[in-house]
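Enquirer: Before I ask anything, let me first share the structure, which is written out below as structure tokens.
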Amino acid sequence: MQFFVTGIGTEIGKTVVSSILTEYLQADYWKPVQSGDLHMTDTMKVQSLISNPKTFFHPERYRLNAPLSPHASAALDGVQIHISDFKLPQTSNHLIVEGAGGLMVPLNNQELMVDLIEQLQIPVILVSRNYLGSINHTVLSIEALERRKIPIAGIVINGEPNPATETFLASFCQIPILFKVEHFSEITRETIAQFVHRLDLKLFI
């Protein structure tokens, strides 16, 4: 199984969700573009949260210095990103791919993150988070994926519970909510392992 984890925006919780999915499936992990925070990349964060010995961490295709949109960070580094540069890592294991930001984040002046997802041709797991306006952002993200006929494996809800929002999304979008990630008092390897132990994702069996 291969999944691309994207979000309805930035700072939504993609890395925590990617850690959960990676640990649950004992999958490999790949972050195609790391923009900024090279001292503590998302790959490093996921590595620190994984307990299983099976996961292999594939190197990023681009490591950019500035914590900006990839196209802006790449320009500062004197490089240009092309989606033709990206190939899925070769592995016999499951694979979790984590995007940068949301679907419409620019990689260059013509191509967006959603274009990369479309090229890679793997299903999306969409991370939503409960806040005022999240229904709008979630529905817009789903419409953007469906317009390109990109399959959506499911939605993950992150943050404090909001039953009204979650009920609406499940009914209106007709896409399964795979699981919900409520507030962790502390995000550690142990708390991720405990969370995964309680998960029962029949979709992945």
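In the structure tokens, the first chain shown is A, the next is B, and so on; residue numbers restart at 1 for each chain, and ligands run from 1 in the order shown.
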Applying 6 Å and only C-alpha atoms, which residues near Ile155 in chain A remain after dropping the ones on its own chain fewer than 2 positions away? List them as a list in words.
Expert: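 Counting only C-alpha atoms, the residues come to Ile125, Leu126, Val127, Ile177 and Leu178 of chain A.
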Enquirer: Run DSSP on the backbone and tell me which residues of range 5-203 of chain A come out as alpha helix (DSSP H); list them as a short mmCIF file (atom, residue, chain, number, x, y, z; two decimals) with all heavy atoms, in the first residue's frame.
Expert:
```cif
data_model
loop_
_atom_site.label_atom_id
_atom_site.label_comp_id
_atom_site.auth_asym_id
_atom_site.auth_seq_id
_atom_site.Cartn_x
_atom_site.Cartn_y
_atom_site.Cartn_z
N LYS A 14 0.05 16.93 9.67
CA LYS A 14 0.39 15.87 8.72
C LYS A 14 1.50 14.96 9.25
O LYS A 14 1.47 13.76 9.01
CB LYS A 14 0.83 16.48 7.38
CG LYS A 14 -0.23 17.22 6.61
CD LYS A 14 0.26 17.60 5.22
CE LYS A 14 1.52 18.40 5.22
NZ LYS A 14 1.40 19.72 5.89
N THR A 15 2.49 15.56 9.94
CA THR A 15 3.64 14.76 10.37
C THR A 15 3.25 13.78 11.46
O THR A 15 3.69 12.62 11.46
CB THR A 15 4.79 15.68 10.81
OG1 THR A 15 5.15 16.54 9.72
CG2 THR A 15 6.00 14.88 11.24
N VAL A 16 2.42 14.20 12.39
CA VAL A 16 1.94 13.28 13.43
C VAL A 16 1.10 12.17 12.80
O VAL A 16 1.27 10.98 13.11
CB VAL A 16 1.13 14.03 14.51
CG1 VAL A 16 0.43 13.04 15.44
CG2 VAL A 16 2.05 14.95 15.31
N VAL A 17 0.21 12.54 11.88
CA VAL A 17 -0.61 11.54 11.21
C VAL A 17 0.26 10.61 10.38
O VAL A 17 0.05 9.39 10.36
CB VAL A 17 -1.69 12.21 10.34
CG1 VAL A 17 -2.41 11.19 9.46
CG2 VAL A 17 -2.70 12.95 11.22
N SER A 18 1.27 11.15 9.70
CA SER A 18 2.19 10.31 8.94
C SER A 18 2.93 9.34 9.85
O SER A 18 3.16 8.18 9.49
CB SER A 18 3.20 11.18 8.18
OG SER A 18 2.56 11.95 7.18
N SER A 19 3.30 9.80 11.04
CA SER A 19 3.96 8.91 12.01
C SER A 19 3.04 7.78 12.43
O SER A 19 3.46 6.62 12.51
CB SER A 19 4.39 9.72 13.25
OG SER A 19 5.29 10.73 12.92
N ILE A 20 1.79 8.10 12.69
CA ILE A 20 0.81 7.09 13.08
C ILE A 20 0.63 6.05 11.98
O ILE A 20 0.66 4.84 12.22
CB ILE A 20 -0.53 7.75 13.44
CG1 ILE A 20 -0.40 8.56 14.75
CG2 ILE A 20 -1.64 6.71 13.56
CD1 ILE A 20 -1.56 9.47 15.03
N LEU A 21 0.46 6.52 10.75
CA LEU A 21 0.26 5.61 9.62
C LEU A 21 1.51 4.78 9.35
O LEU A 21 1.42 3.57 9.06
CB LEU A 21 -0.13 6.40 8.38
CG LEU A 21 -1.51 7.07 8.42
CD1 LEU A 21 -1.64 8.08 7.29
CD2 LEU A 21 -2.62 6.03 8.33
N THR A 22 2.67 5.42 9.44
CA THR A 22 3.93 4.70 9.22
C THR A 22 4.11 3.60 10.25
O THR A 22 4.49 2.47 9.93
CB THR A 22 5.12 5.68 9.25
OG1 THR A 22 4.96 6.65 8.21
CG2 THR A 22 6.44 4.96 9.07
N GLU A 23 3.82 3.93 11.51
CA GLU A 23 3.96 2.93 12.57
C GLU A 23 2.90 1.83 12.43
O GLU A 23 3.20 0.64 12.61
CB GLU A 23 3.84 3.61 13.94
CG GLU A 23 3.97 2.68 15.13
CD GLU A 23 5.38 2.10 15.29
OE1 GLU A 23 6.32 2.52 14.57
OE2 GLU A 23 5.53 1.21 16.14
N TYR A 24 1.68 2.21 12.11
CA TYR A 24 0.60 1.22 12.00
C TYR A 24 0.90 0.20 10.90
O TYR A 24 0.70 -1.01 11.08
CB TYR A 24 -0.72 1.92 11.71
CG TYR A 24 -1.91 1.00 11.69
CD1 TYR A 24 -2.60 0.68 12.85
CD2 TYR A 24 -2.36 0.43 10.49
CE1 TYR A 24 -3.69 -0.19 12.84
CE2 TYR A 24 -3.44 -0.43 10.47
CZ TYR A 24 -4.10 -0.73 11.64
OH TYR A 24 -5.18 -1.59 11.61
N LEU A 25 1.36 0.69 9.75
CA LEU A 25 1.64 -0.18 8.61
C LEU A 25 3.07 -0.72 8.62
O LEU A 25 3.41 -1.55 7.77
CB LEU A 25 1.41 0.58 7.30
CG LEU A 25 -0.03 0.98 6.98
CD1 LEU A 25 -0.07 1.93 5.79
CD2 LEU A 25 -0.88 -0.25 6.70
N ASP A 42 11.00 16.95 8.90
CA ASP A 42 9.87 16.06 9.17
C ASP A 42 10.32 14.60 9.18
O ASP A 42 9.79 13.79 9.95
CB ASP A 42 8.76 16.28 8.13
CG ASP A 42 8.03 17.60 8.35
OD1 ASP A 42 8.15 18.17 9.45
OD2 ASP A 42 7.34 18.06 7.42
N THR A 43 11.28 14.25 8.33
CA THR A 43 11.81 12.89 8.36
C THR A 43 12.41 12.57 9.72
O THR A 43 12.17 11.50 10.29
CB THR A 43 12.87 12.71 7.26
OG1 THR A 43 12.27 12.94 5.98
CG2 THR A 43 13.46 11.31 7.28
N MET A 44 13.18 13.51 10.27
CA MET A 44 13.77 13.30 11.59
C MET A 44 12.68 13.18 12.67
O MET A 44 12.79 12.37 13.59
CB MET A 44 14.70 14.47 11.94
CG MET A 44 15.93 14.58 11.07
SD MET A 44 16.85 16.09 11.47
CE MET A 44 18.08 16.08 10.16
N LYS A 45 11.64 14.00 12.54
CA LYS A 45 10.54 13.95 13.52
C LYS A 45 9.86 12.59 13.49
O LYS A 45 9.59 12.00 14.53
CB LYS A 45 9.54 15.07 13.24
CG LYS A 45 10.06 16.46 13.51
CD LYS A 45 9.07 17.51 13.06
CE LYS A 45 9.66 18.91 13.19
NZ LYS A 45 8.75 19.94 12.63
N VAL A 46 9.56 12.10 12.27
CA VAL A 46 8.91 10.79 12.17
C VAL A 46 9.84 9.70 12.70
O VAL A 46 9.41 8.79 13.41
CB VAL A 46 8.47 10.51 10.71
CG1 VAL A 46 7.90 9.10 10.58
CG2 VAL A 46 7.44 11.54 10.25
N GLN A 47 11.14 9.80 12.37
CA GLN A 47 12.10 8.82 12.90
C GLN A 47 12.06 8.76 14.43
O GLN A 47 12.15 7.68 15.02
CB GLN A 47 13.52 9.20 12.45
CG GLN A 47 13.84 8.80 11.03
CD GLN A 47 15.25 9.23 10.63
OE1 GLN A 47 15.64 10.37 10.88
NE2 GLN A 47 15.99 8.33 10.02
N SER A 48 11.89 9.91 15.06
CA SER A 48 11.89 9.95 16.52
C SER A 48 10.62 9.40 17.13
O SER A 48 10.57 9.15 18.34
CB SER A 48 12.09 11.40 17.00
OG SER A 48 10.92 12.18 16.79
N LEU A 49 9.59 9.19 16.30
CA LEU A 49 8.29 8.74 16.81
C LEU A 49 7.96 7.30 16.44
O LEU A 49 6.91 6.79 16.82
CB LEU A 49 7.18 9.67 16.29
CG LEU A 49 7.26 11.13 16.75
CD1 LEU A 49 6.20 11.97 16.04
CD2 LEU A 49 7.11 11.24 18.25
N PRO A 70 7.73 25.98 -1.13
CA PRO A 70 8.85 25.37 -1.85
C PRO A 70 9.37 26.18 -3.03
O PRO A 70 10.59 26.25 -3.23
CB PRO A 70 8.28 24.02 -2.30
CG PRO A 70 7.29 23.68 -1.24
CD PRO A 70 6.66 24.99 -0.85
N HIS A 71 8.48 26.82 -3.79
CA HIS A 71 8.96 27.57 -4.97
C HIS A 71 9.80 28.76 -4.54
O HIS A 71 10.81 29.09 -5.18
CB HIS A 71 7.78 28.00 -5.85
CG HIS A 71 7.09 29.26 -5.41
ND1 HIS A 71 6.46 29.37 -4.19
CD2 HIS A 71 6.93 30.46 -6.03
CE1 HIS A 71 5.93 30.58 -4.07
NE2 HIS A 71 6.22 31.26 -5.17
N ALA A 72 9.41 29.43 -3.43
CA ALA A 72 10.17 30.58 -2.96
C ALA A 72 11.48 30.15 -2.31
O ALA A 72 12.52 30.78 -2.51
CB ALA A 72 9.32 31.38 -1.97
N SER A 73 11.43 29.09 -1.53
CA SER A 73 12.64 28.59 -0.89
C SER A 73 13.63 28.09 -1.93
O SER A 73 14.85 28.32 -1.82
CB SER A 73 12.28 27.47 0.10
OG SER A 73 13.40 27.07 0.84
N ALA A 74 13.13 27.40 -2.96
CA ALA A 74 14.00 26.92 -4.03
C ALA A 74 14.68 28.08 -4.76
O ALA A 74 15.87 28.01 -5.08
CB ALA A 74 13.20 26.06 -5.01
N ALA A 75 13.92 29.16 -5.00
CA ALA A 75 14.49 30.31 -5.69
C ALA A 75 15.64 30.91 -4.88
O ALA A 75 16.68 31.29 -5.44
CB ALA A 75 13.40 31.35 -5.93
N LEU A 76 15.47 31.00 -3.56
CA LEU A 76 16.54 31.52 -2.71
C LEU A 76 17.77 30.62 -2.74
O LEU A 76 18.89 31.10 -2.62
CB LEU A 76 16.04 31.67 -1.28
CG LEU A 76 15.02 32.78 -1.02
CD1 LEU A 76 14.54 32.73 0.43
CD2 LEU A 76 15.59 34.15 -1.34
N MET A 113 1.60 21.32 -5.56
CA MET A 113 1.71 20.04 -4.87
C MET A 113 0.73 19.02 -5.42
O MET A 113 1.04 17.83 -5.56
CB MET A 113 1.50 20.24 -3.37
CG MET A 113 1.74 19.00 -2.53
SD MET A 113 3.45 18.40 -2.57
CE MET A 113 4.31 19.80 -1.81
N VAL A 114 -0.48 19.48 -5.77
CA VAL A 114 -1.48 18.55 -6.29
C VAL A 114 -1.04 17.96 -7.63
O VAL A 114 -1.42 16.83 -7.98
CB VAL A 114 -2.86 19.24 -6.40
CG1 VAL A 114 -2.89 20.29 -7.50
CG2 VAL A 114 -3.97 18.23 -6.58
N ASP A 115 -0.24 18.70 -8.39
CA ASP A 115 0.29 18.16 -9.65
C ASP A 115 1.26 17.01 -9.37
O ASP A 115 1.29 16.01 -10.10
CB ASP A 115 1.01 19.25 -10.45
CG ASP A 115 0.06 20.34 -10.93
OD1 ASP A 115 -0.97 20.00 -11.54
OD2 ASP A 115 0.35 21.52 -10.67
N LEU A 116 2.04 17.15 -8.31
CA LEU A 116 2.95 16.07 -7.93
C LEU A 116 2.16 14.84 -7.50
O LEU A 116 2.49 13.72 -7.89
CB LEU A 116 3.86 16.53 -6.79
CG LEU A 116 4.76 15.46 -6.17
CD1 LEU A 116 5.67 14.84 -7.23
CD2 LEU A 116 5.58 16.04 -5.03
N ILE A 117 1.10 15.04 -6.71
CA ILE A 117 0.28 13.91 -6.28
C ILE A 117 -0.31 13.20 -7.50
O ILE A 117 -0.30 11.97 -7.59
CB ILE A 117 -0.86 14.38 -5.35
CG1 ILE A 117 -0.28 15.01 -4.08
CG2 ILE A 117 -1.78 13.22 -4.99
CD1 ILE A 117 -1.31 15.68 -3.20
N GLU A 118 -0.79 13.99 -8.44
CA GLU A 118 -1.38 13.41 -9.66
C GLU A 118 -0.35 12.59 -10.43
O GLU A 118 -0.65 11.51 -10.95
CB GLU A 118 -1.94 14.53 -10.53
CG GLU A 118 -2.74 14.05 -11.72
CD GLU A 118 -3.39 15.19 -12.47
OE1 GLU A 118 -2.93 16.35 -12.34
OE2 GLU A 118 -4.36 14.95 -13.20
N GLN A 119 0.88 13.09 -10.49
CA GLN A 119 1.93 12.36 -11.21
C GLN A 119 2.29 11.06 -10.51
O GLN A 119 2.52 10.02 -11.16
CB GLN A 119 3.18 13.22 -11.35
CG GLN A 119 4.34 12.44 -11.99
CD GLN A 119 5.60 13.25 -12.09
OE1 GLN A 119 5.73 14.04 -13.00
NE2 GLN A 119 6.54 13.04 -11.18
N LEU A 120 2.36 11.08 -9.18
CA LEU A 120 2.77 9.89 -8.43
C LEU A 120 1.72 8.79 -8.47
O LEU A 120 2.03 7.61 -8.28
CB LEU A 120 3.09 10.26 -6.98
CG LEU A 120 4.29 11.18 -6.78
CD1 LEU A 120 4.45 11.53 -5.30
CD2 LEU A 120 5.57 10.57 -7.32
N SER A 134 -12.76 25.16 8.83
CA SER A 134 -12.16 23.91 8.38
C SER A 134 -13.08 23.13 7.44
O SER A 134 -12.60 22.40 6.58
CB SER A 134 -11.75 23.04 9.57
OG SER A 134 -12.88 22.59 10.29
N ILE A 135 -14.40 23.27 7.60
CA ILE A 135 -15.31 22.59 6.67
C ILE A 135 -15.07 23.11 5.26
O ILE A 135 -14.94 22.33 4.30
CB ILE A 135 -16.78 22.79 7.08
CG1 ILE A 135 -17.08 22.01 8.36
CG2 ILE A 135 -17.72 22.34 5.96
CD1 ILE A 135 -18.49 22.23 8.90
N ASN A 136 -15.01 24.42 5.11
CA ASN A 136 -14.76 25.02 3.81
C ASN A 136 -13.45 24.53 3.21
O ASN A 136 -13.40 24.10 2.04
CB ASN A 136 -14.73 26.55 3.97
CG ASN A 136 -14.44 27.28 2.68
OD1 ASN A 136 -15.13 27.12 1.68
ND2 ASN A 136 -13.39 28.09 2.69
N HIS A 137 -12.39 24.53 3.99
CA HIS A 137 -11.08 24.12 3.48
C HIS A 137 -11.05 22.62 3.15
O HIS A 137 -10.40 22.21 2.18
CB HIS A 137 -10.00 24.45 4.52
CG HIS A 137 -9.85 25.92 4.76
ND1 HIS A 137 -9.36 26.43 5.93
CD2 HIS A 137 -10.15 26.98 3.98
CE1 HIS A 137 -9.35 27.75 5.87
NE2 HIS A 137 -9.83 28.11 4.70
N THR A 138 -11.76 21.83 3.93
CA THR A 138 -11.79 20.39 3.68
C THR A 138 -12.55 20.08 2.40
O THR A 138 -12.09 19.31 1.55
CB THR A 138 -12.41 19.65 4.87
OG1 THR A 138 -11.68 19.96 6.06
CG2 THR A 138 -12.38 18.14 4.65
N VAL A 139 -13.72 20.69 2.25
CA VAL A 139 -14.54 20.44 1.06
C VAL A 139 -13.83 20.94 -0.20
O VAL A 139 -13.83 20.26 -1.24
CB VAL A 139 -15.94 21.07 1.21
CG1 VAL A 139 -16.72 20.97 -0.10
CG2 VAL A 139 -16.71 20.41 2.34
N LEU A 140 -13.19 22.10 -0.12
CA LEU A 140 -12.44 22.61 -1.28
C LEU A 140 -11.30 21.67 -1.65
O LEU A 140 -11.04 21.43 -2.83
CB LEU A 140 -11.88 24.00 -0.97
CG LEU A 140 -12.88 25.16 -1.00
CD1 LEU A 140 -12.23 26.44 -0.48
CD2 LEU A 140 -13.43 25.38 -2.40
N SER A 141 -10.61 21.12 -0.65
CA SER A 141 -9.51 20.19 -0.92
C SER A 141 -10.03 18.92 -1.59
O SER A 141 -9.43 18.41 -2.54
CB SER A 141 -8.79 19.84 0.38
OG SER A 141 -8.18 20.98 0.95
N ILE A 142 -11.16 18.42 -1.10
CA ILE A 142 -11.74 17.21 -1.68
C ILE A 142 -12.17 17.47 -3.12
O ILE A 142 -11.92 16.65 -4.03
CB ILE A 142 -12.92 16.72 -0.83
CG1 ILE A 142 -12.39 16.15 0.50
CG2 ILE A 142 -13.75 15.67 -1.56
CD1 ILE A 142 -13.45 15.88 1.53
N GLU A 143 -12.79 18.61 -3.37
CA GLU A 143 -13.21 18.94 -4.74
C GLU A 143 -12.00 19.05 -5.67
O GLU A 143 -12.06 18.61 -6.82
CB GLU A 143 -14.02 20.24 -4.75
CG GLU A 143 -15.42 20.08 -4.18
CD GLU A 143 -16.32 21.26 -4.50
OE1 GLU A 143 -15.81 22.29 -5.01
OE2 GLU A 143 -17.53 21.17 -4.24
N ALA A 144 -10.90 19.62 -5.17
CA ALA A 144 -9.70 19.75 -6.01
C ALA A 144 -9.14 18.38 -6.37
O ALA A 144 -8.70 18.15 -7.51
CB ALA A 144 -8.64 20.58 -5.27
N LEU A 145 -9.15 17.45 -5.42
CA LEU A 145 -8.67 16.09 -5.69
C LEU A 145 -9.61 15.36 -6.63
O LEU A 145 -9.17 14.69 -7.58
CB LEU A 145 -8.53 15.32 -4.38
CG LEU A 145 -7.42 15.80 -3.44
CD1 LEU A 145 -7.61 15.22 -2.05
CD2 LEU A 145 -6.05 15.42 -3.98
N GLU A 146 -10.90 15.47 -6.39
CA GLU A 146 -11.87 14.76 -7.23
C GLU A 146 -11.88 15.29 -8.65
O GLU A 146 -12.09 14.53 -9.60
CB GLU A 146 -13.26 14.85 -6.60
CG GLU A 146 -13.38 14.01 -5.31
CD GLU A 146 -14.74 14.10 -4.68
OE1 GLU A 146 -15.47 15.09 -4.95
OE2 GLU A 146 -15.09 13.18 -3.89
N ARG A 147 -11.65 16.59 -8.80
CA ARG A 147 -11.62 17.18 -10.14
C ARG A 147 -10.51 16.56 -10.99
O ARG A 147 -10.63 16.42 -12.20
CB ARG A 147 -11.46 18.69 -10.03
CG ARG A 147 -11.59 19.43 -11.37
CD ARG A 147 -11.81 20.91 -11.16
NE ARG A 147 -10.74 21.53 -10.39
CZ ARG A 147 -10.87 22.03 -9.17
NH1 ARG A 147 -12.04 21.97 -8.56
NH2 ARG A 147 -9.85 22.58 -8.54
N PRO A 163 -18.18 17.28 16.96
CA PRO A 163 -19.09 16.29 16.36
C PRO A 163 -19.90 16.85 15.20
O PRO A 163 -20.14 16.13 14.21
CB PRO A 163 -19.99 15.89 17.54
CG PRO A 163 -19.16 16.14 18.75
CD PRO A 163 -18.33 17.35 18.43
N ALA A 164 -20.32 18.11 15.26
CA ALA A 164 -21.12 18.68 14.18
C ALA A 164 -20.33 18.73 12.88
O ALA A 164 -20.84 18.38 11.81
CB ALA A 164 -21.61 20.09 14.57
N THR A 165 -19.08 19.15 12.98
CA THR A 165 -18.22 19.21 11.79
C THR A 165 -17.95 17.81 11.25
O THR A 165 -18.05 17.56 10.04
CB THR A 165 -16.88 19.89 12.14
OG1 THR A 165 -17.12 21.26 12.46
CG2 THR A 165 -15.90 19.81 10.98
N GLU A 166 -17.63 16.89 12.13
CA GLU A 166 -17.28 15.53 11.70
C GLU A 166 -18.47 14.82 11.08
O GLU A 166 -18.33 14.12 10.07
CB GLU A 166 -16.72 14.76 12.90
CG GLU A 166 -15.40 15.35 13.41
CD GLU A 166 -15.11 15.01 14.86
OE1 GLU A 166 -15.76 14.09 15.40
OE2 GLU A 166 -14.24 15.67 15.45
N THR A 167 -19.65 15.01 11.66
CA THR A 167 -20.87 14.40 11.09
C THR A 167 -21.16 14.96 9.72
O THR A 167 -21.51 14.23 8.78
CB THR A 167 -22.07 14.63 12.03
OG1 THR A 167 -21.80 14.03 13.29
CG2 THR A 167 -23.34 14.04 11.44
N PHE A 168 -21.02 16.28 9.57
CA PHE A 168 -21.26 16.90 8.26
C PHE A 168 -20.29 16.37 7.21
O PHE A 168 -20.71 16.00 6.10
CB PHE A 168 -21.14 18.42 8.34
CG PHE A 168 -21.22 19.08 6.99
CD1 PHE A 168 -22.46 19.32 6.40
CD2 PHE A 168 -20.07 19.41 6.29
CE1 PHE A 168 -22.53 19.90 5.14
CE2 PHE A 168 -20.14 19.98 5.03
CZ PHE A 168 -21.37 20.23 4.45
N LEU A 169 -19.00 16.33 7.54
CA LEU A 169 -18.02 15.88 6.55
C LEU A 169 -18.28 14.45 6.12
O LEU A 169 -18.21 14.12 4.93
CB LEU A 169 -16.60 16.02 7.13
CG LEU A 169 -16.07 17.44 7.31
CD1 LEU A 169 -14.70 17.42 7.98
CD2 LEU A 169 -16.00 18.18 5.98
N ALA A 170 -18.58 13.58 7.08
CA ALA A 170 -18.83 12.17 6.75
C ALA A 170 -20.05 12.03 5.85
O ALA A 170 -20.06 11.23 4.90
CB ALA A 170 -19.02 11.36 8.03
N SER A 171 -21.08 12.83 6.10
CA SER A 171 -22.32 12.74 5.33
C SER A 171 -22.18 13.42 3.97
O SER A 171 -22.53 12.84 2.94
CB SER A 171 -23.46 13.38 6.12
OG SER A 171 -24.64 13.46 5.34
N PHE A 172 -21.65 14.62 3.96
CA PHE A 172 -21.61 15.42 2.73
C PHE A 172 -20.57 14.89 1.75
O PHE A 172 -20.82 14.80 0.55
CB PHE A 172 -21.32 16.88 3.07
CG PHE A 172 -21.32 17.79 1.87
CD1 PHE A 172 -22.51 18.30 1.37
CD2 PHE A 172 -20.13 18.15 1.24
CE1 PHE A 172 -22.51 19.14 0.26
CE2 PHE A 172 -20.12 18.98 0.14
CZ PHE A 172 -21.32 19.48 -0.36
N CYS A 173 -19.39 14.55 2.26
CA CYS A 173 -18.28 14.17 1.38
C CYS A 173 -18.33 12.71 0.96
O CYS A 173 -17.71 12.33 -0.03
CB CYS A 173 -16.95 14.48 2.05
SG CYS A 173 -16.72 16.23 2.45
N ARG A 189 7.48 8.73 21.12
CA ARG A 189 7.44 7.38 20.54
C ARG A 189 6.44 6.50 21.29
O ARG A 189 5.69 5.72 20.69
CB ARG A 189 8.85 6.79 20.58
CG ARG A 189 8.94 5.39 19.99
CD ARG A 189 10.36 4.87 19.99
NE ARG A 189 11.15 5.45 18.93
CZ ARG A 189 12.22 6.22 19.11
NH1 ARG A 189 12.61 6.53 20.32
NH2 ARG A 189 12.90 6.69 18.07
N GLU A 190 6.38 6.66 22.60
CA GLU A 190 5.51 5.83 23.42
C GLU A 190 4.03 6.18 23.19
O GLU A 190 3.19 5.28 23.08
CB GLU A 190 5.87 5.99 24.91
CG GLU A 190 7.21 5.37 25.30
CD GLU A 190 8.41 6.14 24.75
OE1 GLU A 190 8.29 7.38 24.57
OE2 GLU A 190 9.46 5.50 24.50
N THR A 191 3.71 7.48 23.14
CA THR A 191 2.30 7.86 22.95
C THR A 191 1.81 7.49 21.55
O THR A 191 0.66 7.11 21.38
CB THR A 191 2.08 9.36 23.22
OG1 THR A 191 2.93 10.14 22.37
CG2 THR A 191 2.36 9.69 24.67
N ILE A 192 2.69 7.58 20.55
CA ILE A 192 2.31 7.15 19.20
C ILE A 192 2.07 5.64 19.19
O ILE A 192 1.08 5.16 18.63
CB ILE A 192 3.40 7.54 18.18
CG1 ILE A 192 3.48 9.05 18.01
CG2 ILE A 192 3.13 6.86 16.83
CD1 ILE A 192 2.26 9.72 17.40
N ALA A 193 2.95 4.88 19.82
CA ALA A 193 2.79 3.42 19.87
C ALA A 193 1.50 3.03 20.58
O ALA A 193 0.78 2.12 20.15
CB ALA A 193 3.99 2.79 20.57
N GLN A 194 1.18 3.73 21.67
CA GLN A 194 -0.06 3.44 22.39
C GLN A 194 -1.29 3.75 21.54
O GLN A 194 -2.26 3.00 21.52
CB GLN A 194 -0.09 4.24 23.69
CG GLN A 194 0.91 3.77 24.73
CD GLN A 194 1.10 4.77 25.86
OE1 GLN A 194 0.35 5.75 25.97
NE2 GLN A 194 2.11 4.54 26.69
N PHE A 195 -1.23 4.87 20.82
CA PHE A 195 -2.34 5.24 19.95
C PHE A 195 -2.53 4.20 18.84
O PHE A 195 -3.64 3.77 18.55
CB PHE A 195 -2.09 6.62 19.34
CG PHE A 195 -3.23 7.15 18.52
CD1 PHE A 195 -4.25 7.89 19.11
CD2 PHE A 195 -3.29 6.92 17.15
CE1 PHE A 195 -5.31 8.36 18.35
CE2 PHE A 195 -4.34 7.39 16.39
CZ PHE A 195 -5.36 8.12 17.00
N VAL A 196 -1.41 3.81 18.22
CA VAL A 196 -1.47 2.83 17.13
C VAL A 196 -2.01 1.50 17.64
O VAL A 196 -2.78 0.81 16.93
CB VAL A 196 -0.06 2.66 16.51
CG1 VAL A 196 0.01 1.41 15.63
CG2 VAL A 196 0.31 3.90 15.72
N HIS A 197 -1.66 1.13 18.84
CA HIS A 197 -2.13 -0.15 19.41
C HIS A 197 -3.65 -0.19 19.50
O HIS A 197 -4.25 -1.27 19.40
CB HIS A 197 -1.50 -0.36 20.80
CG HIS A 197 -1.85 -1.66 21.43
ND1 HIS A 197 -1.37 -2.87 20.97
CD2 HIS A 197 -2.67 -1.96 22.49
CE1 HIS A 197 -1.87 -3.85 21.71
NE2 HIS A 197 -2.65 -3.32 22.63
N ARG A 198 -4.27 0.97 19.66
CA ARG A 198 -5.73 1.04 19.79
C ARG A 198 -6.43 1.16 18.43
O ARG A 198 -7.65 1.05 18.35
CB ARG A 198 -6.13 2.23 20.66
CG ARG A 198 -5.62 2.16 22.10
CD ARG A 198 -6.30 3.19 22.98
NE ARG A 198 -6.08 4.55 22.51
CZ ARG A 198 -5.05 5.32 22.90
NH1 ARG A 198 -4.15 4.84 23.75
NH2 ARG A 198 -4.93 6.56 22.45
#
```
Enquirer: Which one of A:Thr10, A:Pro59, A:Ile122, A:Pro32 sits closest to His94 in chain A if you count only C-alpha atoms?
Expert: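 Using only C-alpha atoms, His94 in chain A sits closest to A:Ile122.
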Enquirer: Considering only strand (DSSP E or B) as DSSP defines it on the backbone, what residues of range 8-163 of chain A qualify? List them as number ranges by chain.
Expert: A: 28-30, 33-35, 57-58, 62-64, 95-102, 106, 112, 124-129, 152-158
Enquirer: Quick check, in Å to one decimal: how far apart do CA of Asn93 in chain A and CA of Lys31 in chain A lie?
Expert: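 Result for CA of Asn93 in chain A versus CA of Lys31 in chain A: 15.9 Å, one decimal.
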Enquirer: Which residues, written as a ChimeraX atom specification, have at least one atom at most 10 Å from Gln2 in chain A, with only C-alpha atoms counted and residues fewer than 6 positions away on the same chain left out?
Expert: /A:27-29,88,93-97,121-124
Enquirer: For Leu112 in chain A, which residue out of A:Met40, A:Ser69, A:Ile8, A:Ala153 is the nearest one, using only C-alpha atoms?
Expert: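 Nearest to Leu112 in chain A: A:Ser69.
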Enquirer: Which of these residues is nearest to Glu60 in chain A, using only C-alpha atoms: A:Gly133, A:Phe86, A:Trp30, A:Gly78?
Expert: A:Trp30
Enquirer: Please indicate the distance in Å from CA of Val156 in chain A to CA of Pro176 in chain A, rounded to one decimal place.
Expert: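 Separation between CA of Val156 in chain A and CA of Pro176 in chain A: 8.8 Å.
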Enquirer: From the set A:Asp200, A:Asp77, A:Glu160, A:Glu111, which residue has the shortest atom-to-atom contact distance to Tyr62 in chain A, counting only C-alpha atoms?
Expert: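 Of all the options, A:Asp77 lies closest to Tyr62 in chain A.
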Enquirer: What separation in Å, quoted to one decimal, exists between CA of Gln26 in chain A and CA of Thr55 in chain A?
Expert: 5.6 Å
Enquirer: Can you work out which one of A:Ile175, A:Gly154, A:Thr188, A:Ser84 has the shortest atom-to-atom distance to Leu201 in chain A, counting only C-alpha atoms?
Expert: A:Gly154
Enquirer: Just checking: using only C-alpha atoms, which residue out of A:Met104, A:Val181, A:Ile81, A:Leu68 ends up closest to Arg129 in chain A?
Expert: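 Selected residue with least distance to Arg129 in chain A: A:Val181.
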